[in-house]
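Coordinates from model38.pdb are shown below (PDB, C-alpha atoms and all ligand atoms).
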ATOM      1  CA  MET A   1      28.673  -3.864  -4.900
ATOM      2  CA  TYR A   2      26.519  -1.604  -2.719
ATOM      3  CA  PRO A   3      25.458   1.947  -3.634
ATOM      4  CA  LYS A   4      27.964   4.526  -2.424
ATOM      5  CA  PRO A   5      25.980   5.913   0.580
ATOM      6  CA  ILE A   6      25.544   2.394   1.931
ATOM      7  CA  GLN A   7      29.195   1.535   1.323
ATOM      8  CA  ASP A   8      30.208   4.751   3.118
ATOM      9  CA  PHE A   9      28.121   3.739   6.114
ATOM     10  CA  ILE A  10      29.646   0.255   6.098
ATOM     11  CA  ASP A  11      33.206   1.577   5.821
ATOM     12  CA  ASN A  12      32.662   3.922   8.771
ATOM     13  CA  PHE A  13      30.828   1.476  11.001
ATOM     14  CA  ALA A  14      33.312  -1.310  10.293
ATOM     15  CA  LYS A  15      35.958   0.848  12.027
ATOM     16  CA  LEU A  16      34.093   0.600  15.350
ATOM     17  CA  PRO A  17      35.336  -1.877  17.977
ATOM     18  CA  GLY A  18      33.691  -5.275  17.697
ATOM     19  CA  ILE A  19      32.029  -4.553  14.336
ATOM     20  CA  GLY A  20      33.239  -6.017  11.058
ATOM     21  CA  PRO A  21      32.129  -5.234   7.488
ATOM     22  CA  ARG A  22      29.430  -7.940   7.497
ATOM     23  CA  GLN A  23      27.794  -6.686  10.674
ATOM     24  CA  ALA A  24      28.084  -3.117   9.367
ATOM     25  CA  ALA A  25      26.251  -4.151   6.186
ATOM     26  CA  ARG A  26      23.505  -5.833   8.211
ATOM     27  CA  LEU A  27      23.158  -2.677  10.326
ATOM     28  CA  ALA A  28      22.990  -0.499   7.219
ATOM     29  CA  PHE A  29      20.095  -2.476   5.726
ATOM     30  CA  TRP A  30      18.333  -2.861   9.051
ATOM     31  CA  LEU A  31      18.438   0.905   9.558
ATOM     32  CA  LEU A  32      17.420   1.532   5.975
ATOM     33  CA  ASN A  33      14.314  -0.609   6.366
ATOM     34  CA  ASP A  34      13.476   0.551   9.889
ATOM     35  CA  LYS A  35      10.331   2.640  10.294
ATOM     36  CA  LYS A  36      10.695   3.637  13.936
ATOM     37  CA  ASN A  37      12.775   6.810  13.728
ATOM     38  CA  THR A  38      15.888   4.921  14.769
ATOM     39  CA  ARG A  39      17.952   6.776  12.170
ATOM     40  CA  GLU A  40      16.768  10.146  13.534
ATOM     41  CA  ASN A  41      17.448   9.072  17.112
ATOM     42  CA  LEU A  42      20.891   7.842  16.136
ATOM     43  CA  LYS A  43      21.678  11.139  14.431
ATOM     44  CA  ARG A  44      20.688  12.988  17.604
ATOM     45  CA  ALA A  45      22.680  10.638  19.791
ATOM     46  CA  LEU A  46      25.797  11.098  17.643
ATOM     47  CA  GLU A  47      25.385  14.846  17.800
ATOM     48  CA  GLY A  48      25.008  14.592  21.561
ATOM     49  CA  LEU A  49      28.355  12.798  21.764
ATOM     50  CA  ASP A  50      29.853  15.650  19.805
ATOM     51  CA  LYS A  51      28.340  18.592  21.625
ATOM     52  CA  GLU A  52      27.004  17.573  24.999
ATOM     53  CA  VAL A  53      29.869  15.628  26.552
ATOM     54  CA  LYS A  54      33.072  16.836  28.110
ATOM     55  CA  THR A  55      35.552  15.280  30.505
ATOM     56  CA  CYS A  56      36.004  15.797  34.217
ATOM     57  CA  LYS A  57      39.172  17.813  34.585
ATOM     58  CA  PHE A  58      40.280  15.704  37.554
ATOM     59  CA  CYS A  59      39.659  12.064  36.631
ATOM     60  CA  HIS A  60      38.904  12.443  32.879
ATOM     61  CA  PHE A  61      35.656  10.488  33.063
ATOM     62  CA  ALA A  62      32.921  11.761  30.752
ATOM     63  CA  ILE A  63      30.384  14.262  32.068
ATOM     64  CA  GLU A  64      27.386  15.949  30.537
ATOM     65  CA  ASN A  65      28.145  19.415  29.252
ATOM     66  CA  LEU A  66      25.385  21.243  31.118
ATOM     67  CA  PRO A  67      24.682  24.965  30.822
ATOM     68  CA  ALA A  68      26.400  27.195  33.394
ATOM     69  CA  GLY A  69      24.471  27.100  36.656
ATOM     70  CA  ARG A  70      23.468  23.478  36.278
ATOM     71  CA  GLN A  71      27.060  22.249  36.076
ATOM     72  CA  ALA A  72      28.828  21.025  39.208
ATOM     73  CA  PRO A  73      31.500  23.480  40.391
ATOM     74  CA  GLU A  74      34.759  23.148  38.446
ATOM     75  CA  SER A  75      33.078  20.706  36.021
ATOM     76  CA  LYS A  76      33.561  17.722  38.286
ATOM     77  CA  CYS A  77      32.102  14.293  37.614
ATOM     78  CA  PRO A  78      29.753  12.816  40.263
ATOM     79  CA  PHE A  79      32.626  10.742  41.707
ATOM     80  CA  CYS A  80      35.080  13.604  42.129
ATOM     81  CA  ASP A  81      32.249  15.829  43.377
ATOM     82  CA  ASN A  82      31.070  13.406  46.080
ATOM     83  CA  PRO A  83      32.599  14.280  49.484
ATOM     84  CA  ALA A  84      31.434  10.943  50.887
ATOM     85  CA  ARG A  85      33.893   8.972  48.722
ATOM     86  CA  ASP A  86      37.274   7.876  50.032
ATOM     87  CA  ARG A  87      39.482  10.707  48.765
ATOM     88  CA  LYS A  88      42.736   9.040  49.741
ATOM     89  CA  THR A  89      42.548   6.295  47.107
ATOM     90  CA  ILE A  90      42.725   6.574  43.336
ATOM     91  CA  CYS A  91      41.806   3.643  41.120
ATOM     92  CA  VAL A  92      43.532   3.910  37.745
ATOM     93  CA  VAL A  93      41.615   2.384  34.829
ATOM     94  CA  GLU A  94      42.282   2.099  31.121
ATOM     95  CA  LYS A  95      38.906   3.382  29.938
ATOM     96  CA  GLU A  96      35.511   4.707  30.978
ATOM     97  CA  THR A  97      33.741   1.349  30.596
ATOM     98  CA  ASP A  98      36.216  -0.235  33.053
ATOM     99  CA  LEU A  99      35.289   2.460  35.574
ATOM    100  CA  ALA A 100      31.606   1.649  34.994
ATOM    101  CA  THR A 101      32.196  -2.061  35.613
ATOM    102  CA  ILE A 102      34.062  -1.376  38.868
ATOM    103  CA  GLU A 103      31.465   1.142  39.995
ATOM    104  CA  LYS A 104      28.591  -1.254  39.264
ATOM    105  CA  SER A 105      30.275  -3.961  41.319
ATOM    106  CA  GLY A 106      29.813  -1.663  44.353
ATOM    107  CA  VAL A 107      33.049  -2.802  45.984
ATOM    108  CA  TYR A 108      35.037   0.389  45.511
ATOM    109  CA  LYS A 109      34.282   3.780  47.069
ATOM    110  CA  GLY A 110      37.343   5.857  46.244
ATOM    111  CA  LEU A 111      38.279   8.156  43.370
ATOM    112  CA  TYR A 112      39.152   7.179  39.803
ATOM    113  CA  HIS A 113      41.567   8.164  37.075
ATOM    114  CA  VAL A 114      40.856   7.278  33.439
ATOM    115  CA  LEU A 115      44.109   6.836  31.495
ATOM    116  CA  GLY A 116      42.434   6.828  28.097
ATOM    117  CA  GLY A 117      44.321   3.812  26.742
ATOM    118  CA  LEU A 118      47.287   1.522  27.313
ATOM    119  CA  PHE A 119      50.798   1.199  25.943
ATOM    120  CA  SER A 120      51.024  -1.070  22.958
ATOM    121  CA  ALA A 121      53.936  -3.384  22.332
ATOM    122  CA  LEU A 122      54.831  -1.231  19.315
ATOM    123  CA  ASP A 123      55.094   2.044  21.223
ATOM    124  CA  ILE A 124      58.604   3.395  21.501
ATOM    125  CA  ALA A 125      57.578   6.527  23.407
ATOM    126  CA  ILE A 126      54.782   7.029  25.921
ATOM    127  CA  PRO A 127      51.577   7.589  23.954
ATOM    128  CA  LYS A 128      50.722  11.285  24.270
ATOM    129  CA  ASN A 129      46.978  10.714  24.639
ATOM    130  CA  LEU A 130      47.370   8.874  27.952
ATOM    131  CA  LYS A 131      46.529  10.968  31.011
ATOM    132  CA  ILE A 132      49.726   9.983  32.791
ATOM    133  CA  PRO A 133      51.151  13.476  33.514
ATOM    134  CA  GLU A 134      47.717  14.403  34.900
ATOM    135  CA  LEU A 135      47.819  11.361  37.195
ATOM    136  CA  VAL A 136      51.221  12.358  38.548
ATOM    137  CA  GLU A 137      49.985  15.903  39.113
ATOM    138  CA  ARG A 138      46.990  14.641  41.055
ATOM    139  CA  ILE A 139      49.038  12.315  43.193
ATOM    140  CA  SER A 140      51.633  14.920  43.955
ATOM    141  CA  GLY A 141      48.821  17.229  45.097
ATOM    142  CA  ARG A 142      49.126  19.849  42.379
ATOM    143  CA  THR A 143      45.568  19.298  41.120
ATOM    144  CA  GLY A 144      42.710  19.426  43.595
ATOM    145  CA  LYS A 145      42.917  19.132  47.349
ATOM    146  CA  GLU A 146      43.205  15.378  47.599
ATOM    147  CA  LYS A 147      45.892  13.761  49.703
ATOM    148  CA  ILE A 148      46.321  10.452  47.960
ATOM    149  CA  GLU A 149      47.640   7.548  50.030
ATOM    150  CA  GLU A 150      47.077   4.620  47.680
ATOM    151  CA  VAL A 151      47.008   4.167  43.921
ATOM    152  CA  ILE A 152      45.246   1.014  42.736
ATOM    153  CA  LEU A 153      46.134  -0.024  39.200
ATOM    154  CA  ALA A 154      42.928  -1.694  37.982
ATOM    155  CA  ILE A 155      44.476  -2.468  34.626
ATOM    156  CA  SER A 156      43.619  -5.627  32.700
ATOM    157  CA  PRO A 157      46.146  -8.491  32.988
ATOM    158  CA  THR A 158      47.061  -8.420  29.289
ATOM    159  CA  HIS A 159      50.402  -7.776  27.577
ATOM    160  CA  GLU A 160      49.532  -4.102  27.031
ATOM    161  CA  GLY A 161      48.169  -3.869  30.581
ATOM    162  CA  ASP A 162      51.422  -5.267  31.993
ATOM    163  CA  LEU A 163      53.552  -2.840  29.970
ATOM    164  CA  THR A 164      51.481   0.094  31.190
ATOM    165  CA  ALA A 165      51.364  -1.076  34.806
ATOM    166  CA  ARG A 166      55.129  -1.601  34.885
ATOM    167  CA  TYR A 167      55.717   1.882  33.535
ATOM    168  CA  LEU A 168      53.339   3.413  36.078
ATOM    169  CA  GLU A 169      54.955   1.459  38.919
ATOM    170  CA  ARG A 170      58.377   2.860  38.013
ATOM    171  CA  LEU A 171      56.966   6.357  37.582
ATOM    172  CA  LEU A 172      55.118   6.391  40.906
ATOM    173  CA  LYS A 173      57.897   4.843  42.982
ATOM    174  CA  PRO A 174      59.757   8.104  43.690
ATOM    175  CA  LEU A 175      56.489   9.668  44.880
ATOM    176  CA  LYS A 176      56.523   7.174  47.767
ATOM    177  CA  ILE A 177      52.827   6.392  47.535
ATOM    178  CA  LYS A 178      51.504   2.915  48.150
ATOM    179  CA  THR A 179      50.847   1.432  44.713
ATOM    180  CA  THR A 180      48.862  -1.776  44.314
ATOM    181  CA  ARG A 181      47.607  -3.774  41.355
ATOM    182  CA  ILE A 182      44.389  -5.761  41.366
ATOM    183  CA  GLY A 183      45.260  -9.376  41.786
ATOM    184  CA  ARG A 184      43.885 -12.869  41.905
ATOM    185  CA  GLY A 185      40.711 -13.815  40.139
ATOM    186  CA  LEU A 186      41.317 -11.992  36.896
ATOM    187  CA  PRO A 187      42.805 -14.595  34.556
ATOM    188  CA  TYR A 188      45.704 -13.528  32.324
ATOM    189  CA  GLY A 189      44.414 -12.004  29.091
ATOM    190  CA  SER A 190      41.030 -11.077  30.559
ATOM    191  CA  GLU A 191      39.690  -7.530  30.667
ATOM    192  CA  VAL A 192      38.437  -5.508  33.642
ATOM    193  CA  GLU A 193      35.437  -4.356  31.632
ATOM    194  CA  PHE A 194      34.011  -7.871  31.370
ATOM    195  CA  ALA A 195      34.697  -9.050  34.927
ATOM    196  CA  ASP A 196      31.695  -9.777  37.154
ATOM    197  CA  ALA A 197      31.190  -8.114  40.546
ATOM    198  CA  LYS A 198      32.369 -11.142  42.552
ATOM    199  CA  THR A 199      35.569 -11.556  40.552
ATOM    200  CA  LEU A 200      36.287  -7.839  40.782
ATOM    201  CA  SER A 201      35.715  -7.649  44.512
ATOM    202  CA  GLY A 202      38.084 -10.649  44.947
ATOM    203  CA  ALA A 203      40.652  -9.006  42.672
ATOM    204  CA  LEU A 204      40.423  -5.724  44.583
ATOM    205  CA  GLU A 205      40.706  -7.407  47.975
ATOM    206  CA  SER A 206      43.684  -9.497  46.877
ATOM    207  CA  ARG A 207      45.481  -6.499  45.345
ATOM    208  CA  LYS A 208      49.184  -6.614  45.920
ATOM    209  CA  GLU A 209      51.488  -3.811  46.871
ATOM    210  CA  ILE A 210      54.189  -3.107  44.313
ATOM    211  CA  LYS A 211      57.528  -2.466  45.962
TER
HETATM  212 ZN    ZN B 301      36.051  13.136  38.002
END
How does this structure look as structure tokens?
Amino acid sequence: MYPKPIQDFIDNFAKLPGIGPRQAARLAFWLLNDKKNTRENLKRALEGLDKEVKTCKFCHFAIENLPAGRQAPESKCPFCDNPARDRKTICVVEKETDLATIEKSGVYKGLYHVLGGLFSALDIAIPKNLKIPELVERISGRTGKEKIEEVILAISPTHEGDLTARYLERLLKPLKIKTTRIGRGLPYGSEVEFADAKTLSGALESRKEIK
């Protein structure tokens, strides 16, 4: 029903999380009728995502791909690069926006590790895109100079979160490192990303050791 370029836009935008075909169509026509260079700015922003972002090789959070000389040594993110942070604790999160929520709450001062996803109930094998081998390497001291004493699993209390947390618990057990999971306050089915600072600080304080 729409001309092909508009339909193409809709089909692509409707694949984004939280956006369905109707919202994508509204966006398409809003952008089409917009006079304020939003389309140009969006083009630049998309290109920036493509070319100007890379991941921290330690925690896998996103960092700006700066020219040599302006980049932190070893391409570290500001968290991994900050000597003032507690370098004995790693907080494992599903995704970058979870890290941002925890960081904004101000209750956590340790290091992070971004898994890049969760197990799904349909997975037979461990999804290859998850940064699980990298987590084990960090904890066992093969990457970086950290001496990790506690791993906090700040993974949402959902079915997928539980599957992933259980797998990580079993995996980390032989490494004999205190492993905890954030606890009370986060209702079942809720997501870390949308928790407020008070709930998160309660959940972090009430974290339980997994034995
Ligand atoms: Zn990092």
- Message: Hey, which residues sit close to ligand ZN 301 (chain B)? Say within 6 Å, counting only C-alpha atoms and all ligand atoms, and write them as a PyMOL selection string.
- Response: chain A and resi 56+58-61+76-77+79-80
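Nearest residue to Lys176 of chain A among A:Ser140, A:Thr55, A:Gln7, A:Ser190 is A:Ser140, counting all atoms listed in the file.
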Each residue of segment 49-134 of chain A lying at most 8 Å from segment 151-154 of chain A should get a row with its shortest atom-to-atom pair and the distance in Å to one decimal, counting all atoms listed in the file; could you produce that, ordered by chain and increasing number, as a tab-separated table?
residue	atom	partner	partner_atom	distance
A:Thr89	CA	A:Val151	CA	5.9
A:Ile90	CA	A:Val151	CA	4.9
A:Cys91	CA	A:Ile152	CA	4.6
A:Val92	CA	A:Leu153	CA	4.9
A:Val93	CA	A:Ala154	CA	5.3
A:Glu94	CA	A:Ala154	CA	7.9
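By only C-alpha atoms, and with residues fewer than 4 positions from Thr199 of chain A along its chain excluded, the set lying at most 12 Å from it is Thr101, Ile102, Ser105, Val107, Ile182, Gly183, Arg184, Gly185, Leu186, Pro187, Ser190, Glu191, Val192, Glu193, Phe194, Ala195, Ala203, Leu204, Glu205 and Ser206 of chain A.
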Kindly export the residues of the current selection with C-alpha atoms, as a short mmCIF file (atom, residue, chain, number, x, y, z; two decimals), keeping the file's coordinate frame.
data_model
loop_
_atom_site.label_atom_id
_atom_site.label_comp_id
_atom_site.auth_asym_id
_atom_site.auth_seq_id
_atom_site.Cartn_x
_atom_site.Cartn_y
_atom_site.Cartn_z
CA THR A 101 32.20 -2.06 35.61
CA ILE A 102 34.06 -1.38 38.87
CA SER A 105 30.28 -3.96 41.32
CA VAL A 107 33.05 -2.80 45.98
CA ILE A 182 44.39 -5.76 41.37
CA GLY A 183 45.26 -9.38 41.79
CA ARG A 184 43.88 -12.87 41.90
CA GLY A 185 40.71 -13.82 40.14
CA LEU A 186 41.32 -11.99 36.90
CA PRO A 187 42.80 -14.60 34.56
CA SER A 190 41.03 -11.08 30.56
CA GLU A 191 39.69 -7.53 30.67
CA VAL A 192 38.44 -5.51 33.64
CA GLU A 193 35.44 -4.36 31.63
CA PHE A 194 34.01 -7.87 31.37
CA ALA A 195 34.70 -9.05 34.93
CA ALA A 203 40.65 -9.01 42.67
CA LEU A 204 40.42 -5.72 44.58
CA GLU A 205 40.71 -7.41 47.98
CA SER A 206 43.68 -9.50 46.88
#
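Distance check against Lys54 of chain A using all atoms listed in the file: of A:Leu200, A:Leu66, A:Thr97, A:Leu32, the minimum falls on A:Leu66.
Each of A:Arg26, A:Lys178, A:Lys51, A:Lys208 was checked against Lys88 of chain A using all atoms listed in the file; the smallest atom-to-atom distance is that of A:Lys178.
For the residues A:Thr180, A:Asn33, A:Asn41, A:Asn65, ranking by smallest atom-to-atom distance to Arg166 of chain A using all atoms listed in the file places A:Thr180 first.
Taking atom CA of Leu172 of chain A and atom CA of Glu209 of chain A as the two end points, the separation is 12.4 Å.
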- Item | Atomic distance atom CA of Tyr112 of chain A - atom CA of Glu146 of chain A, expressed in Å with one decimal | 12.0 Å
